[in-house]
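Participant: Pasting final.tsv below, which is TSV, C-alpha atoms.
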```
chain	number	residue	atom	x	y	z
A	1	MET	CA	-7.47	47.89	50.90
A	2	LYS	CA	-5.94	49.48	47.82
A	3	TYR	CA	-6.82	48.61	44.25
A	4	GLU	CA	-5.24	50.15	41.17
A	5	VAL	CA	-6.67	49.97	37.66
A	6	ARG	CA	-5.35	51.30	34.37
A	7	PHE	CA	-7.52	51.55	31.25
A	8	SER	CA	-5.71	51.95	27.95
A	9	GLY	CA	-6.40	52.04	24.24
A	10	THR	CA	-6.62	54.56	21.46
A	11	GLY	CA	-8.27	57.98	21.37
A	12	GLY	CA	-11.99	57.87	20.68
A	13	GLN	CA	-12.57	54.56	22.48
A	14	GLY	CA	-13.98	56.27	25.55
A	15	ILE	CA	-11.12	55.14	27.79
A	16	ILE	CA	-11.36	58.12	30.15
A	17	ARG	CA	-15.12	57.85	30.46
A	18	CYS	CA	-14.64	54.22	31.44
A	19	ALA	CA	-12.21	55.22	34.20
A	20	VAL	CA	-14.55	57.95	35.45
A	21	LEU	CA	-17.40	55.43	35.66
A	22	LEU	CA	-15.37	52.97	37.73
A	23	ALA	CA	-14.23	55.71	40.12
A	24	GLU	CA	-17.79	56.92	40.59
A	25	ALA	CA	-19.07	53.40	41.18
A	26	ALA	CA	-16.39	52.91	43.84
A	27	LEU	CA	-17.63	56.06	45.55
A	28	TYR	CA	-21.19	54.73	45.60
A	29	ASP	CA	-19.88	51.57	47.24
A	30	GLY	CA	-18.45	53.68	50.05
A	31	TYR	CA	-14.82	53.72	48.95
A	32	PHE	CA	-12.50	56.62	48.27
A	33	ALA	CA	-11.42	56.85	44.64
A	34	ALA	CA	-9.08	58.93	42.53
A	35	GLN	CA	-9.20	59.14	38.78
A	36	SER	CA	-6.58	60.78	36.61
A	37	GLN	CA	-4.89	60.96	33.26
A	38	VAL	CA	-1.71	62.60	32.14
A	39	TYR	CA	-1.45	63.95	28.62
A	40	GLY	CA	1.86	64.35	26.86
A	41	PRO	CA	3.20	64.38	23.33
A	42	GLU	CA	2.68	60.61	23.08
A	43	SER	CA	-1.08	61.10	23.53
A	44	ARG	CA	-1.14	63.00	20.28
A	45	GLY	CA	-0.19	59.79	18.53
A	46	GLY	CA	-3.68	58.55	19.34
A	47	SER	CA	-3.06	56.51	22.48
A	48	SER	CA	-5.24	57.09	25.52
A	49	GLN	CA	-5.08	55.98	29.13
A	50	GLY	CA	-6.95	56.65	32.34
A	51	GLU	CA	-6.21	55.53	35.87
A	52	VAL	CA	-8.28	54.72	38.92
A	53	VAL	CA	-7.13	54.19	42.50
A	54	ILE	CA	-9.69	52.73	44.92
A	55	LYS	CA	-9.08	52.66	48.65
A	56	ASP	CA	-11.02	52.33	51.87
A	57	THR	CA	-9.12	55.30	53.32
A	58	PRO	CA	-8.52	58.82	51.94
A	59	ILE	CA	-6.22	59.07	48.93
A	60	TYR	CA	-3.38	61.56	48.94
A	61	TYR	CA	-1.48	60.28	45.91
A	62	PRO	CA	-3.90	59.73	43.04
A	63	LYS	CA	-1.61	57.97	40.54
A	64	VAL	CA	-1.43	54.30	39.74
A	65	LYS	CA	1.98	52.74	40.42
A	66	VAL	CA	1.49	49.00	39.94
A	67	PRO	CA	-1.89	48.20	38.42
A	68	ASP	CA	-3.83	45.26	39.82
A	69	VAL	CA	-5.84	45.31	36.62
A	70	LEU	CA	-4.81	46.55	33.19
A	71	LEU	CA	-7.28	46.86	30.34
A	72	CYS	CA	-5.79	47.12	26.84
A	73	LEU	CA	-7.92	47.85	23.79
A	74	SER	CA	-4.95	48.38	21.47
A	75	GLN	CA	-1.61	46.69	20.81
A	76	GLU	CA	0.27	49.92	21.40
A	77	ALA	CA	-1.32	50.24	24.84
A	78	TYR	CA	-0.42	46.63	25.66
A	79	ASN	CA	3.18	47.11	24.52
A	80	LYS	CA	3.54	50.17	26.70
A	81	TYR	CA	1.74	49.22	29.90
A	82	ALA	CA	1.80	45.42	30.19
A	83	PRO	CA	5.23	45.28	31.87
A	84	ASP	CA	3.87	47.36	34.78
A	85	ILE	CA	1.14	44.96	35.97
A	86	ALA	CA	1.35	43.51	39.46
A	87	ALA	CA	2.74	39.96	39.58
A	88	ASP	CA	-0.65	38.66	40.77
A	89	GLY	CA	-2.50	41.10	38.54
A	90	LEU	CA	-5.07	40.71	35.79
A	91	LEU	CA	-4.65	41.69	32.14
A	92	ILE	CA	-7.84	42.15	30.14
A	93	CYS	CA	-7.28	42.66	26.45
A	94	ASP	CA	-9.18	42.64	23.21
A	95	SER	CA	-8.62	39.29	21.53
A	96	ASP	CA	-8.74	40.71	18.00
A	97	PHE	CA	-6.63	43.80	18.46
A	98	VAL	CA	-4.06	42.74	21.05
A	99	GLN	CA	-1.54	39.92	20.74
A	100	PRO	CA	0.15	39.40	24.11
A	101	ASP	CA	3.82	38.40	23.87
A	102	GLY	CA	4.39	37.57	27.51
A	103	ARG	CA	5.81	40.89	28.62
A	104	GLU	CA	3.15	41.04	31.36
A	105	GLY	CA	4.98	38.21	33.16
A	106	GLU	CA	4.08	34.55	33.65
A	107	THR	CA	2.15	34.98	36.87
A	108	VAL	CA	-0.31	37.52	35.50
A	109	ARG	CA	-3.78	36.21	34.72
A	110	VAL	CA	-4.75	37.02	31.13
A	111	CYS	CA	-8.30	37.36	29.86
A	112	ARG	CA	-8.75	37.85	26.13
A	113	LEU	CA	-12.23	38.65	24.83
A	114	PRO	CA	-13.55	40.09	21.53
A	115	MET	CA	-14.87	43.23	23.19
A	116	LEU	CA	-14.65	45.55	20.18
A	117	GLU	CA	-16.25	42.98	17.90
A	118	VAL	CA	-19.19	42.30	20.22
A	119	ALA	CA	-19.76	46.04	20.64
A	120	ARG	CA	-19.69	46.60	16.91
A	121	ASP	CA	-21.56	43.54	15.64
A	122	GLU	CA	-23.91	42.65	18.47
A	123	LEU	CA	-24.61	46.00	20.10
A	124	LYS	CA	-24.30	47.82	16.77
A	125	ASN	CA	-22.22	50.53	18.40
A	126	GLU	CA	-18.46	50.32	18.58
A	127	LEU	CA	-18.45	53.28	20.98
A	128	SER	CA	-20.05	51.09	23.64
A	129	ALA	CA	-16.92	48.92	23.85
A	130	ASN	CA	-15.64	51.00	26.76
A	131	VAL	CA	-18.67	50.24	28.92
A	132	LEU	CA	-18.66	46.61	27.79
A	133	ALA	CA	-15.03	46.43	28.93
A	134	LEU	CA	-16.05	47.88	32.29
A	135	GLY	CA	-18.59	45.06	32.55
A	136	VAL	CA	-15.84	42.53	31.85
A	137	LEU	CA	-13.66	44.06	34.53
A	138	VAL	CA	-16.41	44.07	37.15
A	139	GLY	CA	-17.54	40.57	36.16
A	140	LEU	CA	-14.01	39.23	36.67
A	141	THR	CA	-13.02	41.18	39.77
A	142	ASP	CA	-16.12	42.27	41.70
A	143	VAL	CA	-14.12	45.33	42.69
A	144	VAL	CA	-17.35	47.33	42.75
A	145	SER	CA	-20.96	46.22	43.02
A	146	ASP	CA	-23.32	45.85	40.13
A	147	ALA	CA	-25.70	48.34	41.76
A	148	ALA	CA	-22.95	50.95	42.05
A	149	VAL	CA	-22.08	50.65	38.35
A	150	HIS	CA	-25.73	51.01	37.40
A	151	LYS	CA	-25.90	54.21	39.45
A	152	ALA	CA	-22.73	55.56	37.82
A	153	LEU	CA	-24.08	54.77	34.35
A	154	ALA	CA	-27.37	56.51	35.14
A	155	ASN	CA	-25.43	59.56	36.34
A	156	ASN	CA	-23.23	59.73	33.23
A	157	PHE	CA	-25.52	58.98	30.32
A	158	ASN	CA	-28.72	60.73	29.37
A	159	SER	CA	-31.94	58.78	29.02
A	160	LYS	CA	-31.34	58.24	25.32
A	161	LEU	CA	-27.88	56.69	25.67
A	162	LEU	CA	-28.47	54.88	28.96
A	163	PRO	CA	-30.23	51.74	27.62
A	164	LEU	CA	-27.40	50.96	25.17
A	165	ASN	CA	-24.79	51.44	27.86
A	166	LEU	CA	-26.64	49.31	30.39
A	167	GLN	CA	-26.85	46.61	27.75
A	168	ALA	CA	-23.13	46.93	26.95
A	169	TYR	CA	-22.24	46.72	30.64
A	170	GLN	CA	-24.40	43.62	31.15
A	171	ARG	CA	-23.02	41.96	28.04
A	172	GLY	CA	-19.46	42.52	29.23
A	173	PHE	CA	-20.34	41.20	32.67
A	174	GLN	CA	-21.81	38.04	31.09
A	175	MET	CA	-18.77	37.54	28.87
A	176	ALA	CA	-16.55	37.70	31.95
A	177	ARG	CA	-18.63	35.21	33.88
A	178	GLY	CA	-18.71	32.85	30.91
A	179	GLN	CA	-14.96	33.12	30.70
A	180	ALA	CA	-14.61	32.42	34.39
A	181	ASP	CA	-16.70	29.25	34.08
A	182	LYS	CA	-14.51	27.74	31.38
B	1	MET	CA	5.15	77.68	32.70
B	2	LYS	CA	2.70	76.02	35.08
B	3	TYR	CA	-1.01	76.71	35.18
B	4	GLU	CA	-3.47	75.13	37.58
B	5	VAL	CA	-7.24	75.12	37.15
B	6	ARG	CA	-9.99	73.75	39.35
B	7	PHE	CA	-13.56	73.28	38.13
B	8	SER	CA	-16.23	72.84	40.79
B	9	GLY	CA	-19.97	72.59	41.12
B	10	THR	CA	-22.60	69.97	41.77
B	11	GLY	CA	-22.99	66.47	40.35
B	12	GLY	CA	-24.64	66.36	36.94
B	13	GLN	CA	-23.22	69.70	35.78
B	14	GLY	CA	-20.55	68.04	33.65
B	15	ILE	CA	-17.68	69.39	35.74
B	16	ILE	CA	-15.35	66.48	34.98
B	17	ARG	CA	-16.06	66.58	31.25
B	18	CYS	CA	-15.16	70.26	31.31
B	19	ALA	CA	-11.81	69.49	32.94
B	20	VAL	CA	-11.10	66.69	30.45
B	21	LEU	CA	-11.79	69.07	27.56
B	22	LEU	CA	-9.38	71.70	28.87
B	23	ALA	CA	-6.64	69.12	29.42
B	24	GLU	CA	-7.08	67.75	25.91
B	25	ALA	CA	-7.02	71.22	24.40
B	26	ALA	CA	-3.76	71.94	26.22
B	27	LEU	CA	-2.30	68.80	24.68
B	28	TYR	CA	-3.27	69.95	21.20
B	29	ASP	CA	-1.50	73.23	21.90
B	30	GLY	CA	1.69	71.30	22.60
B	31	TYR	CA	1.61	71.40	26.40
B	32	PHE	CA	1.71	68.59	28.91
B	33	ALA	CA	-1.47	68.28	30.94
B	34	ALA	CA	-2.79	66.24	33.84
B	35	GLN	CA	-6.41	65.88	34.74
B	36	SER	CA	-7.70	64.31	37.93
B	37	GLN	CA	-10.47	64.07	40.47
B	38	VAL	CA	-10.63	62.55	43.88
B	39	TYR	CA	-13.89	61.10	45.14
B	40	GLY	CA	-14.65	60.82	48.82
B	41	PRO	CA	-17.69	60.71	51.08
B	42	GLU	CA	-18.26	64.44	50.51
B	43	SER	CA	-18.81	63.78	46.78
B	44	ARG	CA	-21.86	61.77	47.70
B	45	GLY	CA	-23.45	64.97	48.96
B	46	GLY	CA	-23.63	66.06	45.34
B	47	SER	CA	-20.55	68.23	44.99
B	48	SER	CA	-18.19	67.64	42.09
B	49	GLN	CA	-14.72	68.89	41.22
B	50	GLY	CA	-12.12	68.24	38.58
B	51	GLU	CA	-8.58	69.53	38.28
B	52	VAL	CA	-6.23	70.35	35.44
B	53	VAL	CA	-2.52	71.06	35.56
B	54	ILE	CA	-0.94	72.48	32.38
B	55	LYS	CA	2.81	72.73	31.95
B	56	ASP	CA	5.36	73.07	29.20
B	57	THR	CA	7.41	70.26	30.74
B	58	PRO	CA	6.43	66.73	31.82
B	59	ILE	CA	4.15	66.48	34.86
B	60	TYR	CA	5.03	64.12	37.67
B	61	TYR	CA	2.58	65.37	40.27
B	62	PRO	CA	-0.88	65.71	38.72
B	63	LYS	CA	-2.73	67.48	41.54
B	64	VAL	CA	-3.63	71.15	41.79
B	65	LYS	CA	-2.14	72.88	44.82
B	66	VAL	CA	-2.90	76.58	44.35
B	67	PRO	CA	-5.32	77.16	41.47
B	68	ASP	CA	-4.62	80.05	39.12
B	69	VAL	CA	-8.25	79.77	38.05
B	70	LEU	CA	-11.21	78.47	40.01
B	71	LEU	CA	-14.61	77.94	38.42
B	72	CYS	CA	-17.55	77.62	40.81
B	73	LEU	CA	-21.02	76.68	39.63
B	74	SER	CA	-22.43	76.22	43.14
B	75	GLN	CA	-22.24	78.05	46.45
B	76	GLU	CA	-21.03	74.94	48.23
B	77	ALA	CA	-18.13	74.66	45.79
B	78	TYR	CA	-17.27	78.34	46.31
B	79	ASN	CA	-17.37	78.00	50.07
B	80	LYS	CA	-15.04	75.05	49.94
B	81	TYR	CA	-12.49	76.02	47.31
B	82	ALA	CA	-12.37	79.83	47.15
B	83	PRO	CA	-9.82	80.20	49.98
B	84	ASP	CA	-7.30	78.17	47.96
B	85	ILE	CA	-7.01	80.47	44.92
B	86	ALA	CA	-3.65	82.06	44.13
B	87	ALA	CA	-3.35	85.67	45.29
B	88	ASP	CA	-3.17	86.84	41.68
B	89	GLY	CA	-5.70	84.23	40.57
B	90	LEU	CA	-9.05	84.38	38.85
B	91	LEU	CA	-12.40	83.30	40.27
B	92	ILE	CA	-15.17	82.60	37.76
B	93	CYS	CA	-18.55	81.99	39.33
B	94	ASP	CA	-22.16	81.79	38.37
B	95	SER	CA	-23.80	85.11	39.23
B	96	ASP	CA	-27.16	83.56	40.13
B	97	PHE	CA	-26.00	80.59	42.16
B	98	VAL	CA	-22.86	81.87	43.89
B	99	GLN	CA	-22.62	84.80	46.28
B	100	PRO	CA	-18.94	85.53	46.98
B	101	ASP	CA	-18.25	86.69	50.53
B	102	GLY	CA	-14.64	87.71	50.06
B	103	ARG	CA	-13.02	84.51	51.25
B	104	GLU	CA	-11.08	84.31	47.96
B	105	GLY	CA	-9.02	87.30	49.14
B	106	GLU	CA	-8.95	90.91	48.00
B	107	THR	CA	-6.34	90.51	45.27
B	108	VAL	CA	-8.21	87.80	43.38
B	109	ARG	CA	-9.97	88.92	40.19
B	110	VAL	CA	-13.64	87.92	40.29
B	111	CYS	CA	-15.79	87.34	37.22
B	112	ARG	CA	-19.49	86.70	37.81
B	113	LEU	CA	-21.63	85.68	34.85
B	114	PRO	CA	-25.09	84.07	34.54
B	115	MET	CA	-23.70	80.92	32.94
B	116	LEU	CA	-26.42	78.51	34.04
B	117	GLU	CA	-29.18	80.92	33.03
B	118	VAL	CA	-27.78	81.52	29.54
B	119	ALA	CA	-27.33	77.77	29.01
B	120	ARG	CA	-30.88	77.10	30.13
B	121	ASP	CA	-32.75	80.01	28.56
B	122	GLU	CA	-30.72	80.87	25.49
B	123	LEU	CA	-29.17	77.56	24.49
B	124	LYS	CA	-32.20	75.63	25.79
B	125	ASN	CA	-29.94	73.09	27.43
B	126	GLU	CA	-28.77	73.50	30.99
B	127	LEU	CA	-26.30	70.63	30.45
B	128	SER	CA	-24.28	72.84	28.12
B	129	ALA	CA	-23.34	75.17	30.98
B	130	ASN	CA	-20.10	73.26	31.51
B	131	VAL	CA	-18.88	73.94	27.98
B	132	LEU	CA	-20.13	77.52	28.16
B	133	ALA	CA	-18.07	77.92	31.33
B	134	LEU	CA	-15.04	76.55	29.49
B	135	GLY	CA	-15.61	79.25	26.87
B	136	VAL	CA	-15.66	81.90	29.61
B	137	LEU	CA	-12.42	80.55	31.04
B	138	VAL	CA	-10.64	80.51	27.69
B	139	GLY	CA	-12.06	83.92	26.74
B	140	LEU	CA	-10.70	85.45	29.94
B	141	THR	CA	-7.36	83.68	30.12
B	142	ASP	CA	-6.26	82.50	26.67
B	143	VAL	CA	-4.64	79.57	28.45
B	144	VAL	CA	-5.36	77.42	25.40
B	145	SER	CA	-6.10	78.36	21.82
B	146	ASP	CA	-9.55	78.51	20.30
B	147	ALA	CA	-8.49	75.96	17.67
B	148	ALA	CA	-7.36	73.50	20.33
B	149	VAL	CA	-10.69	73.70	22.15
B	150	HIS	CA	-12.57	73.13	18.91
B	151	LYS	CA	-10.50	70.01	18.33
B	152	ALA	CA	-11.15	68.76	21.86
B	153	LEU	CA	-14.88	69.35	21.46
B	154	ALA	CA	-14.92	67.48	18.16
B	155	ASN	CA	-13.09	64.59	19.83
B	156	ASN	CA	-15.49	64.40	22.77
B	157	PHE	CA	-18.95	64.94	21.33
B	158	ASN	CA	-20.63	63.00	18.58
B	159	SER	CA	-21.93	64.77	15.51
B	160	LYS	CA	-25.35	65.20	17.07
B	161	LEU	CA	-24.17	66.92	20.23
B	162	LEU	CA	-21.25	68.83	18.72
B	163	PRO	CA	-23.17	71.82	17.27
B	164	LEU	CA	-24.79	72.65	20.63
B	165	ASN	CA	-21.49	72.39	22.41
B	166	LEU	CA	-19.64	74.53	19.88
B	167	GLN	CA	-22.37	77.12	20.29
B	168	ALA	CA	-22.13	76.94	24.09
B	169	TYR	CA	-18.36	77.34	23.94
B	170	GLN	CA	-18.58	80.34	21.63
B	171	ARG	CA	-21.31	81.96	23.73
B	172	GLY	CA	-19.17	81.62	26.84
B	173	PHE	CA	-16.15	83.01	25.02
B	174	GLN	CA	-18.20	86.04	23.92
B	175	MET	CA	-19.55	86.61	27.42
B	176	ALA	CA	-15.99	86.67	28.72
B	177	ARG	CA	-14.81	89.13	26.10
B	178	GLY	CA	-17.82	91.39	26.71
B	179	GLN	CA	-17.00	91.28	30.41
B	180	ALA	CA	-13.39	92.16	29.73
B	181	ASP	CA	-14.44	95.17	27.67
B	182	LYS	CA	-16.55	96.70	30.43
```
Output the structure of this file as structure tokens.
Facilitator:
Amino acid sequence: MKYEVRFSGTGGQGIIRCAVLLAEAALYDGYFAAQSQVYGPESRGGSSQGEVVIKDTPIYYPKVKVPDVLLCLSQEAYNKYAPDIAADGLLICDSDFVQPDGREGETVRVCRLPMLEVARDELKNELSANVLALGVLVGLTDVVSDAAVHKALANNFNSKLLPLNLQAYQRGFQMARGQADK
Amino acid sequence: MKYEVRFSGTGGQGIIRCAVLLAEAALYDGYFAAQSQVYGPESRGGSSQGEVVIKDTPIYYPKVKVPDVLLCLSQEAYNKYAPDIAADGLLICDSDFVQPDGREGETVRVCRLPMLEVARDELKNELSANVLALGVLVGLTDVVSDAAVHKALANNFNSKLLPLNLQAYQRGFQMARGQADK
């Protein structure tokens, strides 16, 4: 088993934290995981990306080659990374901020949800969009267990920030399941 | 130019955040940087490590092979990673929680400082030890500029947590410079 995920968006959206959370959750589920990001001059433009590789055997090469799942919270991130998705992969993008133009390929499953809007208007905290997006990803893929994500959240947020982030995760999870039912 | 850093300690010490901050600071200084961590069954025991590679050219392999600098905030981390340090490398370890036994090699420079104690007793927040340790590292090595670290801190902490973390960074920087003067 090998599962590759890339999170992408703009700086300040908590993209790397989101990747760290998924990698930690995978660990709690008994998998091996690698999490990485490479920073270059293009990052200074404000784009941000983080990668996670999940395997059931030790990982010697920690980079994502062909993502099974790509999350895009900005158009720039979509434009850059969408062509790399696996043919049977999943693209999750913000429905307000990303307009897919087909470059991900016809066989890729596309899920568009207003993640930034729900975080801002419903949860009253735009910074929780990253954890909401993680909930969407887990709700659609089941790549890690709900219990493992809860443990990772508890390990990464202090008691003051934890309730908001649990709520954001659960809201994202619900949005994904609602989507799947349609 | 290539510079490899490994941060290590126990879970909950903010080791990964510390590595992310250094990588971001390197970016602001105009370098390329890669930041990664691999999670396996041993991570479940409570140990934590994060890696940073800094170069002045693009990075295609993001893993640390022979660290120029190793930070250890726990004995377990020291025991595991100390033998890997470069012969002319630098070992930074907590003077209360790590007892070096020479396995880092005779040519390695060793800096022992009570980082966890100062964070707990002086800054009244043990969770700031990671950023204090980053200050020690930068104070000893100048691998990134002070301005770049400030920018990375501002980008990673909200306005409520930023003052404490700036203070922790500066305290660590001072401790390193005091050490260097002795």
Participant: Distance limit 6 Å, atoms considered: only C-alpha atoms. Which chain A residues sit that close to chain B? Return them as a list in words.
Facilitator: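 Those within range of chain B come out as Phe32, Ala33, Ala34, Gln35, Ser36, Gln37, Val38, Tyr39 and Gly40 of chain A.
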Participant: Can you tell me how far CA of Gln170 (chain B) sits from CA of Leu162 (chain A), in Å to one decimal?
Facilitator: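 Spanning CA of Gln170 (chain B) to CA of Leu162 (chain A) is a straight-line distance of 28.3 Å.
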Participant: In Å, rounded to a single decimal, give me how far CA of Ala133 (chain A) is from CA of Ala168 (chain A).
Facilitator: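 Atom-to-atom, CA of Ala168 (chain A) to CA of Ala133 (chain A), that is 8.4 Å.
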Participant: Which polymer residues have any atom within 10 Å of an atom of Pro100 (chain A), counting only C-alpha atoms, with same-chain residues fewer than 3 positions away left out, as a list in words?
Facilitator: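 Neighbouring residues, sequence-local ones excluded: Gln75, Tyr78, Asn79, Ala82, Leu91, Cys93, Asp94, Ser95, Phe97, Arg103, Glu104, Val110 and Arg112 of chain A.
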Participant: What are the centre and edge lengths in Å, to one decimal, of the axis-aligned box around all listed atoms of region 169-173 of chain A with 4 Å added on each side, as JSON?
Facilitator:
```
{"center_x": -21.9, "center_y": 44.0, "center_z": 30.4, "size_x": 12.9, "size_y": 13.5, "size_z": 12.6}
```
Participant: Which residue is closest to Leu71 (chain A)? Choose from A:Ser128, A:Ser145, A:Thr107, A:Gln49 and count all atoms listed in the file.
Facilitator: A:Gln49
Participant: Nearest residue to Tyr81 (chain B) out of B:Leu166, B:Ala25, B:Val149, B:Val66, using all atoms listed in the file?
Facilitator: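 Answer, going by the shortest atom-to-atom distance: B:Val66.
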Participant: Pick the closest to Met175 (chain B) from B:Asp88, B:Arg109, B:Met115, B:Lys80: which is it, counting all atoms listed in the file?
Facilitator: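 Answer, going by the shortest atom-to-atom distance: B:Met115.
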Participant: Work out how far CA of Ser74 (chain B) is from CA of Gly46 (chain B), in Å to one decimal.
Facilitator: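 Interatomic distance here is 10.5 Å.
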Participant: Find the residue from A:Ile85, A:Cys72, A:Leu22, A:Leu113 that sits nearest to Leu134 (chain A); use all atoms listed in the file when measuring.
Facilitator: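 Of the candidates, the smallest distance to Leu134 (chain A) is held by A:Leu22.
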Participant: Would you please work out which residue, of B:Val64, B:Cys18, B:Leu116, B:Leu137, is nearest to Gln174 (chain B) when using all atoms listed in the file?
Facilitator: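 Nearest candidate to Gln174 (chain B) out of B:Val64, B:Cys18, B:Leu116, B:Leu137: B:Leu137.
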Participant: Ranking B:Gln167, B:Phe173, B:Val108, B:Gly102 by minimum distance to Ala87 (chain B) and counting all atoms listed in the file, which one comes first?
Facilitator: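 Closest residue, counting all atoms listed in the file: B:Val108.
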Participant: Could you pull region 117-124 of chain B out of the structure just shown and give all heavy atoms as a PDB file, in the first residue's frame?
Facilitator:
```pdb
ATOM      1  N   GLU B 117      14.780  24.469  30.873  1.00  0.00           N
ATOM      2  CA  GLU B 117      14.622  25.154  32.160  1.00  0.00           C
ATOM      3  C   GLU B 117      14.339  26.644  31.967  1.00  0.00           C
ATOM      4  O   GLU B 117      13.458  27.210  32.627  1.00  0.00           O
ATOM      5  CB  GLU B 117      15.891  24.981  33.000  1.00  0.00           C
ATOM      6  CG  GLU B 117      15.801  25.623  34.368  1.00  0.00           C
ATOM      7  CD  GLU B 117      17.152  25.640  35.075  1.00  0.00           C
ATOM      8  OE1 GLU B 117      17.529  24.620  35.654  1.00  0.00           O
ATOM      9  OE2 GLU B 117      17.851  26.679  35.005  1.00  0.00           O
ATOM     10  N   VAL B 118      15.092  27.289  31.084  1.00  0.00           N
ATOM     11  CA  VAL B 118      14.890  28.726  30.855  1.00  0.00           C
ATOM     12  C   VAL B 118      13.489  28.976  30.281  1.00  0.00           C
ATOM     13  O   VAL B 118      12.807  29.923  30.673  1.00  0.00           O
ATOM     14  CB  VAL B 118      15.986  29.285  29.920  1.00  0.00           C
ATOM     15  CG1 VAL B 118      15.651  30.706  29.494  1.00  0.00           C
ATOM     16  CG2 VAL B 118      17.339  29.241  30.613  1.00  0.00           C
ATOM     17  N   ALA B 119      13.062  28.118  29.370  1.00  0.00           N
ATOM     18  CA  ALA B 119      11.714  28.276  28.800  1.00  0.00           C
ATOM     19  C   ALA B 119      10.662  28.148  29.895  1.00  0.00           C
ATOM     20  O   ALA B 119       9.728  28.949  29.974  1.00  0.00           O
ATOM     21  CB  ALA B 119      11.481  27.233  27.707  1.00  0.00           C
ATOM     22  N   ARG B 120      10.854  27.175  30.754  1.00  0.00           N
ATOM     23  CA  ARG B 120       9.853  26.903  31.800  1.00  0.00           C
ATOM     24  C   ARG B 120       9.879  27.971  32.894  1.00  0.00           C
ATOM     25  O   ARG B 120       8.847  28.538  33.250  1.00  0.00           O
ATOM     26  CB  ARG B 120      10.119  25.523  32.407  1.00  0.00           C
ATOM     27  CG  ARG B 120       9.038  25.016  33.347  1.00  0.00           C
ATOM     28  CD  ARG B 120       9.483  23.725  34.023  1.00  0.00           C
ATOM     29  NE  ARG B 120      10.700  23.967  34.802  1.00  0.00           N
ATOM     30  CZ  ARG B 120      11.788  23.193  34.786  1.00  0.00           C
ATOM     31  NH1 ARG B 120      11.821  22.122  34.042  1.00  0.00           N
ATOM     32  NH2 ARG B 120      12.850  23.498  35.509  1.00  0.00           N
ATOM     33  N   ASP B 121      11.072  28.265  33.405  1.00  0.00           N
ATOM     34  CA  ASP B 121      11.167  29.117  34.592  1.00  0.00           C
ATOM     35  C   ASP B 121      11.211  30.606  34.271  1.00  0.00           C
ATOM     36  O   ASP B 121      10.667  31.422  35.010  1.00  0.00           O
ATOM     37  CB  ASP B 121      12.402  28.747  35.414  1.00  0.00           C
ATOM     38  CG  ASP B 121      12.276  27.345  36.000  1.00  0.00           C
ATOM     39  OD1 ASP B 121      11.165  26.782  35.922  1.00  0.00           O
ATOM     40  OD2 ASP B 121      13.279  26.809  36.504  1.00  0.00           O
ATOM     41  N   GLU B 122      11.865  30.952  33.168  1.00  0.00           N
ATOM     42  CA  GLU B 122      12.038  32.373  32.877  1.00  0.00           C
ATOM     43  C   GLU B 122      10.919  32.875  31.967  1.00  0.00           C
ATOM     44  O   GLU B 122      10.349  33.933  32.184  1.00  0.00           O
ATOM     45  CB  GLU B 122      13.384  32.557  32.172  1.00  0.00           C
ATOM     46  CG  GLU B 122      14.171  33.740  32.651  1.00  0.00           C
ATOM     47  CD  GLU B 122      15.488  33.798  31.919  1.00  0.00           C
ATOM     48  OE1 GLU B 122      16.458  33.160  32.378  1.00  0.00           O
ATOM     49  OE2 GLU B 122      15.557  34.464  30.863  1.00  0.00           O
ATOM     50  N   LEU B 123      10.643  32.103  30.923  1.00  0.00           N
ATOM     51  CA  LEU B 123       9.600  32.521  29.969  1.00  0.00           C
ATOM     52  C   LEU B 123       8.222  32.005  30.394  1.00  0.00           C
ATOM     53  O   LEU B 123       7.218  32.358  29.780  1.00  0.00           O
ATOM     54  CB  LEU B 123       9.939  32.023  28.561  1.00  0.00           C
ATOM     55  CG  LEU B 123      11.316  32.456  28.038  1.00  0.00           C
ATOM     56  CD1 LEU B 123      11.633  31.768  26.716  1.00  0.00           C
ATOM     57  CD2 LEU B 123      11.363  33.969  27.867  1.00  0.00           C
ATOM     58  N   LYS B 124       8.197  31.189  31.425  1.00  0.00           N
ATOM     59  CA  LYS B 124       6.933  30.667  31.978  1.00  0.00           C
ATOM     60  C   LYS B 124       6.130  29.878  30.952  1.00  0.00           C
ATOM     61  O   LYS B 124       4.897  29.866  30.983  1.00  0.00           O
ATOM     62  CB  LYS B 124       6.048  31.819  32.527  1.00  0.00           C
ATOM     63  CG  LYS B 124       6.768  32.771  33.465  1.00  0.00           C
ATOM     64  CD  LYS B 124       7.163  32.099  34.751  1.00  0.00           C
ATOM     65  CE  LYS B 124       7.881  33.088  35.692  1.00  0.00           C
ATOM     66  NZ  LYS B 124       8.652  32.365  36.728  1.00  0.00           N
TER      67      LYS B 124
END
```
